[in-house]
Amino acid sequence: MHILVIPKWYTGRNDPQLGDFVRKQALAVAQQHKVSVVFAVPLPGLAVAEEQELSEVDGAWELRCYYRPSTASIGPLRKLINLRRYWRASWNGLQRVFRERGMPDLTHVHILVRPALVAWWLKRTRGIPYILSEQSSEYLDGTWQAKGPLFKTINRWLFRNAAAVTAVSTHLGDAMKALGLTTDCRVVPNVVPGTELPLPPPGDPRQFLVVADLVDRTKNVSGVLNALKMARDHGHDLRLTVIGDGPDRAHLHSVALALDLQQHVQWLGRMANADVLDVMGRTGAVIVNSNVETFSVVTGEALALGRPVIATRCGGPEAFITPGNGILVAPRSPDELCAAMITLATGVLRDPAAIRRTVVDRFSPISVCATFQTIYQQVLAHG
């Protein structure tokens, strides 16, 4: 089958981390099928109006279509101009797919809204069915509910026109059903990378790692800083490394300074996934302190590398964490997080091979590809 992938989030020059989990699903499918990716994204400072960048990795043909975003001062006008530029960049990318790759059998949309509008247009004009895969936490944290009626109407219409709908977790799928977006939602988890890498030896149990976008209302990195401060005040020499960037970076640096943690917290900024895994393989344990997660790829990556994980009961990590590979704590509870950090710092859960075994079977590329293949075949069989 020729599968056209149109994602809202994908790695690129705009952000080496954005949508890496979407890309891993696409690469998993590419093990068995012809996969063409068209990713249109604004790139501030682009010298020309549009620029295409083609790469072929592990069987996937990836076309990144960058466009220069509008700088109009009037918000609605800027959004309208950017929508037009997105559409033009996407269409130019699709034309190249048709010329060089042939007509797709099916379009696979990852995350609404604009990619789904493009897929609907292909369905209407070319008769190509599309499926929707959702990963966004906006259905869980109240963001979607706060949208206007027109936005919600368009969303429901796009869902109704999809030949199939998938979610990355049962928790997310149930939320989408409750919002009336779909009545039938298949769960297809993210690929957990790292299982093919050599298993590193246990790291220093006093060294913790957070990998997250620095959006504190979602990722609650400030809660990790507070828990670290509490543990150190109790005499435990714990340290923290943070990988990621985002709008709350300056605020979080100021929190660390106010807590007198500047000598005990290392900020590495954004990193490519391979570099993230390298750092992760040398840490003692990983912390996922989110208030909401649809899946939590970071949890899976850590377990695949044999690192124990402390994670909140926030919707995603519960699918991974067992007493043999980590500790679950309540969201927004620095006391519980502190206690869990102290527990792991004593050196419990130090068997990397046993921790890795908890994720290999369910979250491998082969498993994810097989699940999507079944869905593709059902969609095309019902034409």
# chains A, B, ... in the order shown; residues from 1 in each chain; ligands from 1
>>> residues_around(residues="Val288 (chain A)", least_positions_apart="4", cutoff="8 Å", atoms="only C-alpha atoms", output="count of residues only")
9
>>> residues_around(residues="Ser55 (chain A)", least_positions_apart="5", cutoff="10 Å", atoms="only C-alpha atoms", output="MDAnalysis selection string")
chainID A and resid 37 60:64
>>> closest_residue(among="A:Leu349, A:Asp213, A:Leu277, A:Gly306", to="Gly326 (chain A)", atoms="only C-alpha atoms")
A:Leu349
>>> closest_atom_pairs(of="region 237-307 of chain A", to="region 3-20 of chain A", cutoff="7 Å", atoms="only C-alpha atoms", output="tab-separated table")
residue	atom	partner	partner_atom	distance
A:Met271	CA	A:Pro16	CA	6.9
A:Ala272	CA	A:Pro16	CA	5.5
A:Asn273	CA	A:Gln17	CA	6.7
>>> atom_distance(atom1="CA of Arg332 (chain A)", atom2="CA of Arg313 (chain A)")
10.1 Å
>>> select_by_dssp(residues="region 133-323 of chain A", states="strand (DSSP E or B)", output="number ranges by chain")
A: 133-134, 164-167, 186-187, 207-211, 239-243, 265-269, 285-288, 309-312
>>> write_last_selection(atoms="C-alpha atoms", output="mmCIF file, in the first residue's frame")
data_model
loop_
_atom_site.group_PDB
_atom_site.id
_atom_site.type_symbol
_atom_site.label_atom_id
_atom_site.label_comp_id
_atom_site.auth_asym_id
_atom_site.auth_seq_id
_atom_site.Cartn_x
_atom_site.Cartn_y
_atom_site.Cartn_z
ATOM 1 C CA SER A 133 -4.764 9.509 14.556
ATOM 2 C CA GLU A 134 -4.816 11.746 17.610
ATOM 3 C CA ALA A 164 -11.220 5.257 10.895
ATOM 4 C CA VAL A 165 -10.054 6.989 14.055
ATOM 5 C CA THR A 166 -7.193 5.977 16.355
ATOM 6 C CA ALA A 167 -5.867 7.334 19.633
ATOM 7 C CA ARG A 186 -8.899 2.068 17.989
ATOM 8 C CA VAL A 187 -5.898 2.361 20.298
ATOM 9 C CA GLN A 207 20.890 11.427 39.199
ATOM 10 C CA PHE A 208 17.419 12.190 37.790
ATOM 11 C CA LEU A 209 16.359 13.331 34.329
ATOM 12 C CA VAL A 210 13.356 15.267 33.001
ATOM 13 C CA VAL A 211 12.684 15.411 29.244
ATOM 14 C CA ARG A 239 20.755 16.039 41.192
ATOM 15 C CA LEU A 240 18.598 16.825 38.165
ATOM 16 C CA THR A 241 19.143 17.255 34.427
ATOM 17 C CA VAL A 242 16.463 18.878 32.273
ATOM 18 C CA ILE A 243 16.252 18.412 28.486
ATOM 19 C CA VAL A 265 20.284 21.337 38.112
ATOM 20 C CA GLN A 266 21.693 21.107 34.575
ATOM 21 C CA TRP A 267 19.704 22.593 31.679
ATOM 22 C CA LEU A 268 20.580 21.070 28.296
ATOM 23 C CA GLY A 269 17.913 22.692 26.103
ATOM 24 C CA ALA A 285 16.064 7.436 36.773
ATOM 25 C CA VAL A 286 13.625 9.513 34.739
ATOM 26 C CA ILE A 287 10.808 11.694 36.075
ATOM 27 C CA VAL A 288 7.555 12.413 34.205
ATOM 28 C CA VAL A 309 10.623 5.934 35.982
ATOM 29 C CA ILE A 310 8.719 8.054 38.466
ATOM 30 C CA ALA A 311 5.529 9.202 36.751
ATOM 31 C CA THR A 312 2.262 10.814 37.676
#
>>> closest_atom_pairs(of="region 190-294 of chain A", to="region 367-374 of chain A", cutoff="10 Å", atoms="only C-alpha atoms", output="JSON lines")
{"residue": "A:Asn190", "atom": "CA", "partner": "A:Val368", "partner_atom": "CA", "distance": 7.3}
{"residue": "A:Val191", "atom": "CA", "partner": "A:Val368", "partner_atom": "CA", "distance": 6.6}
{"residue": "A:Val192", "atom": "CA", "partner": "A:Val368", "partner_atom": "CA", "distance": 9.7}
>>> closest_residue(among="A:Pro352, A:Pro44, A:Pro365, A:Pro129", to="Asp58 (chain A)", atoms="only C-alpha atoms")
A:Pro365
>>> select_by_dssp(residues="region 101-237 of chain A", states="alpha helix (DSSP H)", output="PDB file with N, CA and C atoms, in the first residue's frame")
ATOM      1  N   ARG A 101       5.931   9.816  -6.690  1.00  0.00           N
ATOM      2  CA  ARG A 101       5.609   8.616  -5.909  1.00  0.00           C
ATOM      3  C   ARG A 101       4.337   7.925  -6.382  1.00  0.00           C
ATOM      4  N   ARG A 114      -5.573  21.406  10.423  1.00  0.00           N
ATOM      5  CA  ARG A 114      -5.216  21.688   9.036  1.00  0.00           C
ATOM      6  C   ARG A 114      -4.882  20.439   8.222  1.00  0.00           C
ATOM      7  N   PRO A 115      -4.105  19.491   8.753  1.00  0.00           N
ATOM      8  CA  PRO A 115      -3.827  18.289   7.951  1.00  0.00           C
ATOM      9  C   PRO A 115      -5.086  17.527   7.568  1.00  0.00           C
ATOM     10  N   ALA A 116      -6.090  17.524   8.465  1.00  0.00           N
ATOM     11  CA  ALA A 116      -7.331  16.820   8.165  1.00  0.00           C
ATOM     12  C   ALA A 116      -8.126  17.532   7.069  1.00  0.00           C
ATOM     13  N   LEU A 117      -8.038  18.865   7.021  1.00  0.00           N
ATOM     14  CA  LEU A 117      -8.698  19.599   5.942  1.00  0.00           C
ATOM     15  C   LEU A 117      -8.084  19.241   4.594  1.00  0.00           C
ATOM     16  N   VAL A 118      -6.767  19.103   4.551  1.00  0.00           N
ATOM     17  CA  VAL A 118      -6.102  18.699   3.314  1.00  0.00           C
ATOM     18  C   VAL A 118      -6.534  17.287   2.926  1.00  0.00           C
ATOM     19  N   ALA A 119      -6.599  16.389   3.925  1.00  0.00           N
ATOM     20  CA  ALA A 119      -7.004  15.012   3.647  1.00  0.00           C
ATOM     21  C   ALA A 119      -8.450  14.948   3.152  1.00  0.00           C
ATOM     22  N   TRP A 120      -9.322  15.759   3.746  1.00  0.00           N
ATOM     23  CA  TRP A 120     -10.710  15.792   3.289  1.00  0.00           C
ATOM     24  C   TRP A 120     -10.787  16.256   1.827  1.00  0.00           C
ATOM     25  N   TRP A 121      -9.975  17.245   1.473  1.00  0.00           N
ATOM     26  CA  TRP A 121      -9.966  17.737   0.096  1.00  0.00           C
ATOM     27  C   TRP A 121      -9.520  16.641  -0.871  1.00  0.00           C
ATOM     28  N   LEU A 122      -8.521  15.847  -0.465  1.00  0.00           N
ATOM     29  CA  LEU A 122      -8.079  14.739  -1.300  1.00  0.00           C
ATOM     30  C   LEU A 122      -9.179  13.682  -1.430  1.00  0.00           C
ATOM     31  N   LYS A 123      -9.912  13.469  -0.367  1.00  0.00           N
ATOM     32  CA  LYS A 123     -11.026  12.528  -0.436  1.00  0.00           C
ATOM     33  C   LYS A 123     -12.086  13.026  -1.418  1.00  0.00           C
ATOM     34  N   ARG A 124     -12.373  14.314  -1.333  1.00  0.00           N
ATOM     35  CA  ARG A 124     -13.435  14.885  -2.166  1.00  0.00           C
ATOM     36  C   ARG A 124     -13.029  14.943  -3.637  1.00  0.00           C
ATOM     37  N   THR A 125     -11.772  15.298  -3.905  1.00  0.00           N
ATOM     38  CA  THR A 125     -11.343  15.511  -5.296  1.00  0.00           C
ATOM     39  C   THR A 125     -10.701  14.291  -5.936  1.00  0.00           C
ATOM     40  N   ARG A 126     -10.073  13.419  -5.120  1.00  0.00           N
ATOM     41  CA  ARG A 126      -9.354  12.269  -5.671  1.00  0.00           C
ATOM     42  C   ARG A 126      -9.917  10.930  -5.198  1.00  0.00           C
ATOM     43  N   PRO A 149     -17.697  27.493  18.843  1.00  0.00           N
ATOM     44  CA  PRO A 149     -18.615  26.535  18.213  1.00  0.00           C
ATOM     45  C   PRO A 149     -18.245  26.198  16.769  1.00  0.00           C
ATOM     46  N   LEU A 150     -17.721  27.170  16.002  1.00  0.00           N
ATOM     47  CA  LEU A 150     -17.338  26.882  14.620  1.00  0.00           C
ATOM     48  C   LEU A 150     -16.196  25.878  14.576  1.00  0.00           C
ATOM     49  N   PHE A 151     -15.207  26.079  15.425  1.00  0.00           N
ATOM     50  CA  PHE A 151     -14.064  25.162  15.491  1.00  0.00           C
ATOM     51  C   PHE A 151     -14.540  23.751  15.819  1.00  0.00           C
ATOM     52  N   LYS A 152     -15.423  23.628  16.804  1.00  0.00           N
ATOM     53  CA  LYS A 152     -15.915  22.313  17.205  1.00  0.00           C
ATOM     54  C   LYS A 152     -16.734  21.655  16.099  1.00  0.00           C
ATOM     55  N   THR A 153     -17.514  22.454  15.400  1.00  0.00           N
ATOM     56  CA  THR A 153     -18.312  21.913  14.295  1.00  0.00           C
ATOM     57  C   THR A 153     -17.419  21.356  13.200  1.00  0.00           C
ATOM     58  N   ILE A 154     -16.367  22.091  12.851  1.00  0.00           N
ATOM     59  CA  ILE A 154     -15.423  21.630  11.833  1.00  0.00           C
ATOM     60  C   ILE A 154     -14.735  20.350  12.292  1.00  0.00           C
ATOM     61  N   ASN A 155     -14.343  20.308  13.566  1.00  0.00           N
ATOM     62  CA  ASN A 155     -13.690  19.109  14.102  1.00  0.00           C
ATOM     63  C   ASN A 155     -14.587  17.885  13.972  1.00  0.00           C
ATOM     64  N   ARG A 156     -15.829  18.025  14.413  1.00  0.00           N
ATOM     65  CA  ARG A 156     -16.748  16.877  14.383  1.00  0.00           C
ATOM     66  C   ARG A 156     -17.009  16.425  12.939  1.00  0.00           C
ATOM     67  N   TRP A 157     -17.081  17.382  12.040  1.00  0.00           N
ATOM     68  CA  TRP A 157     -17.294  17.070  10.626  1.00  0.00           C
ATOM     69  C   TRP A 157     -16.110  16.293  10.061  1.00  0.00           C
ATOM     70  N   LEU A 158     -14.893  16.702  10.410  1.00  0.00           N
ATOM     71  CA  LEU A 158     -13.700  16.007   9.939  1.00  0.00           C
ATOM     72  C   LEU A 158     -13.621  14.602  10.515  1.00  0.00           C
ATOM     73  N   PHE A 159     -13.995  14.448  11.770  1.00  0.00           N
ATOM     74  CA  PHE A 159     -14.018  13.113  12.370  1.00  0.00           C
ATOM     75  C   PHE A 159     -15.048  12.228  11.679  1.00  0.00           C
ATOM     76  N   ARG A 160     -16.238  12.761  11.405  1.00  0.00           N
ATOM     77  CA  ARG A 160     -17.291  11.973  10.764  1.00  0.00           C
ATOM     78  C   ARG A 160     -16.881  11.499   9.374  1.00  0.00           C
ATOM     79  N   ASN A 161     -16.095  12.293   8.678  1.00  0.00           N
ATOM     80  CA  ASN A 161     -15.678  11.952   7.325  1.00  0.00           C
ATOM     81  C   ASN A 161     -14.481  11.006   7.278  1.00  0.00           C
ATOM     82  N   THR A 170      -5.973   4.481  25.582  1.00  0.00           N
ATOM     83  CA  THR A 170      -7.386   4.303  25.926  1.00  0.00           C
ATOM     84  C   THR A 170      -7.928   5.555  26.596  1.00  0.00           C
ATOM     85  N   HIS A 171      -7.122   6.161  27.438  1.00  0.00           N
ATOM     86  CA  HIS A 171      -7.521   7.374  28.160  1.00  0.00           C
ATOM     87  C   HIS A 171      -7.905   8.480  27.182  1.00  0.00           C
ATOM     88  N   LEU A 172      -7.091   8.681  26.161  1.00  0.00           N
ATOM     89  CA  LEU A 172      -7.380   9.706  25.165  1.00  0.00           C
ATOM     90  C   LEU A 172      -8.590   9.321  24.326  1.00  0.00           C
ATOM     91  N   GLY A 173      -8.674   8.076  23.925  1.00  0.00           N
ATOM     92  CA  GLY A 173      -9.806   7.633  23.123  1.00  0.00           C
ATOM     93  C   GLY A 173     -11.131   7.809  23.837  1.00  0.00           C
ATOM     94  N   ASP A 174     -11.159   7.494  25.120  1.00  0.00           N
ATOM     95  CA  ASP A 174     -12.384   7.663  25.897  1.00  0.00           C
ATOM     96  C   ASP A 174     -12.781   9.137  25.991  1.00  0.00           C
ATOM     97  N   ALA A 175     -11.781  10.011  26.123  1.00  0.00           N
ATOM     98  CA  ALA A 175     -12.074  11.448  26.186  1.00  0.00           C
ATOM     99  C   ALA A 175     -12.666  11.941  24.868  1.00  0.00           C
ATOM    100  N   MET A 176     -12.155  11.468  23.746  1.00  0.00           N
ATOM    101  CA  MET A 176     -12.678  11.871  22.445  1.00  0.00           C
ATOM    102  C   MET A 176     -14.108  11.368  22.240  1.00  0.00           C
ATOM    103  N   LYS A 177     -14.395  10.164  22.724  1.00  0.00           N
ATOM    104  CA  LYS A 177     -15.767   9.655  22.653  1.00  0.00           C
ATOM    105  C   LYS A 177     -16.703  10.503  23.512  1.00  0.00           C
ATOM    106  N   ALA A 178     -16.258  10.865  24.699  1.00  0.00           N
ATOM    107  CA  ALA A 178     -17.092  11.657  25.604  1.00  0.00           C
ATOM    108  C   ALA A 178     -17.416  13.025  25.020  1.00  0.00           C
ATOM    109  N   ASP A 216       4.910  24.759  31.842  1.00  0.00           N
ATOM    110  CA  ASP A 216       4.800  24.272  33.214  1.00  0.00           C
ATOM    111  C   ASP A 216       3.390  23.847  33.590  1.00  0.00           C
ATOM    112  N   ARG A 217       2.371  24.461  33.003  1.00  0.00           N
ATOM    113  CA  ARG A 217       1.008  24.078  33.377  1.00  0.00           C
ATOM    114  C   ARG A 217       0.691  22.650  32.944  1.00  0.00           C
ATOM    115  N   THR A 218       1.446  22.148  31.971  1.00  0.00           N
ATOM    116  CA  THR A 218       1.248  20.774  31.515  1.00  0.00           C
ATOM    117  C   THR A 218       2.291  19.828  32.097  1.00  0.00           C
ATOM    118  N   LYS A 219       3.551  20.205  32.024  1.00  0.00           N
ATOM    119  CA  LYS A 219       4.637  19.304  32.402  1.00  0.00           C
ATOM    120  C   LYS A 219       5.048  19.427  33.866  1.00  0.00           C
ATOM    121  N   VAL A 221       7.321  21.044  35.595  1.00  0.00           N
ATOM    122  CA  VAL A 221       8.743  20.915  35.920  1.00  0.00           C
ATOM    123  C   VAL A 221       9.059  21.642  37.226  1.00  0.00           C
ATOM    124  N   SER A 222       8.326  22.707  37.519  1.00  0.00           N
ATOM    125  CA  SER A 222       8.531  23.410  38.785  1.00  0.00           C
ATOM    126  C   SER A 222       8.256  22.491  39.967  1.00  0.00           C
ATOM    127  N   GLY A 223       7.302  21.563  39.804  1.00  0.00           N
ATOM    128  CA  GLY A 223       7.042  20.590  40.864  1.00  0.00           C
ATOM    129  C   GLY A 223       8.224  19.678  41.105  1.00  0.00           C
ATOM    130  N   VAL A 224       8.961  19.331  40.047  1.00  0.00           N
ATOM    131  CA  VAL A 224      10.165  18.514  40.201  1.00  0.00           C
ATOM    132  C   VAL A 224      11.229  19.302  40.959  1.00  0.00           C
ATOM    133  N   LEU A 225      11.366  20.571  40.628  1.00  0.00           N
ATOM    134  CA  LEU A 225      12.340  21.402  41.328  1.00  0.00           C
ATOM    135  C   LEU A 225      12.015  21.496  42.815  1.00  0.00           C
ATOM    136  N   ASN A 226      10.755  21.654  43.134  1.00  0.00           N
ATOM    137  CA  ASN A 226      10.359  21.732  44.541  1.00  0.00           C
ATOM    138  C   ASN A 226      10.606  20.406  45.262  1.00  0.00           C
ATOM    139  N   ALA A 227      10.322  19.289  44.592  1.00  0.00           N
ATOM    140  CA  ALA A 227      10.580  17.992  45.201  1.00  0.00           C
ATOM    141  C   ALA A 227      12.078  17.767  45.406  1.00  0.00           C
ATOM    142  N   LEU A 228      12.885  18.194  44.437  1.00  0.00           N
ATOM    143  CA  LEU A 228      14.337  18.085  44.572  1.00  0.00           C
ATOM    144  C   LEU A 228      14.827  18.887  45.768  1.00  0.00           C
ATOM    145  N   LYS A 229      14.304  20.095  45.928  1.00  0.00           N
ATOM    146  CA  LYS A 229      14.679  20.932  47.068  1.00  0.00           C
ATOM    147  C   LYS A 229      14.320  20.238  48.379  1.00  0.00           C
ATOM    148  N   MET A 230      13.121  19.655  48.462  1.00  0.00           N
ATOM    149  CA  MET A 230      12.702  18.970  49.680  1.00  0.00           C
ATOM    150  C   MET A 230      13.629  17.796  49.994  1.00  0.00           C
ATOM    151  N   ALA A 231      13.997  17.023  48.979  1.00  0.00           N
ATOM    152  CA  ALA A 231      14.866  15.869  49.191  1.00  0.00           C
ATOM    153  C   ALA A 231      16.245  16.304  49.668  1.00  0.00           C
ATOM    154  N   ARG A 232      16.762  17.356  49.064  1.00  0.00           N
ATOM    155  CA  ARG A 232      18.085  17.842  49.480  1.00  0.00           C
ATOM    156  C   ARG A 232      18.039  18.403  50.898  1.00  0.00           C
ATOM    157  N   ASP A 233      16.943  19.043  51.239  1.00  0.00           N
ATOM    158  CA  ASP A 233      16.799  19.565  52.602  1.00  0.00           C
ATOM    159  C   ASP A 233      16.740  18.438  53.634  1.00  0.00           C
TER     160      ASP A 233
END
>>> residues_around(residues="Arg356 (chain A)", least_positions_apart="6", cutoff="12 Å", atoms="only C-alpha atoms", output="PyMOL selection string")
chain A and resi 192-200+299-309+320-322+324-326+349-350+362-364
>>> residues_around(residues="His382 (chain A)", least_positions_apart="3", cutoff="12 Å", atoms="only C-alpha atoms", output="VMD selection string")
chain A and resid 129 163 to 164 375 to 379
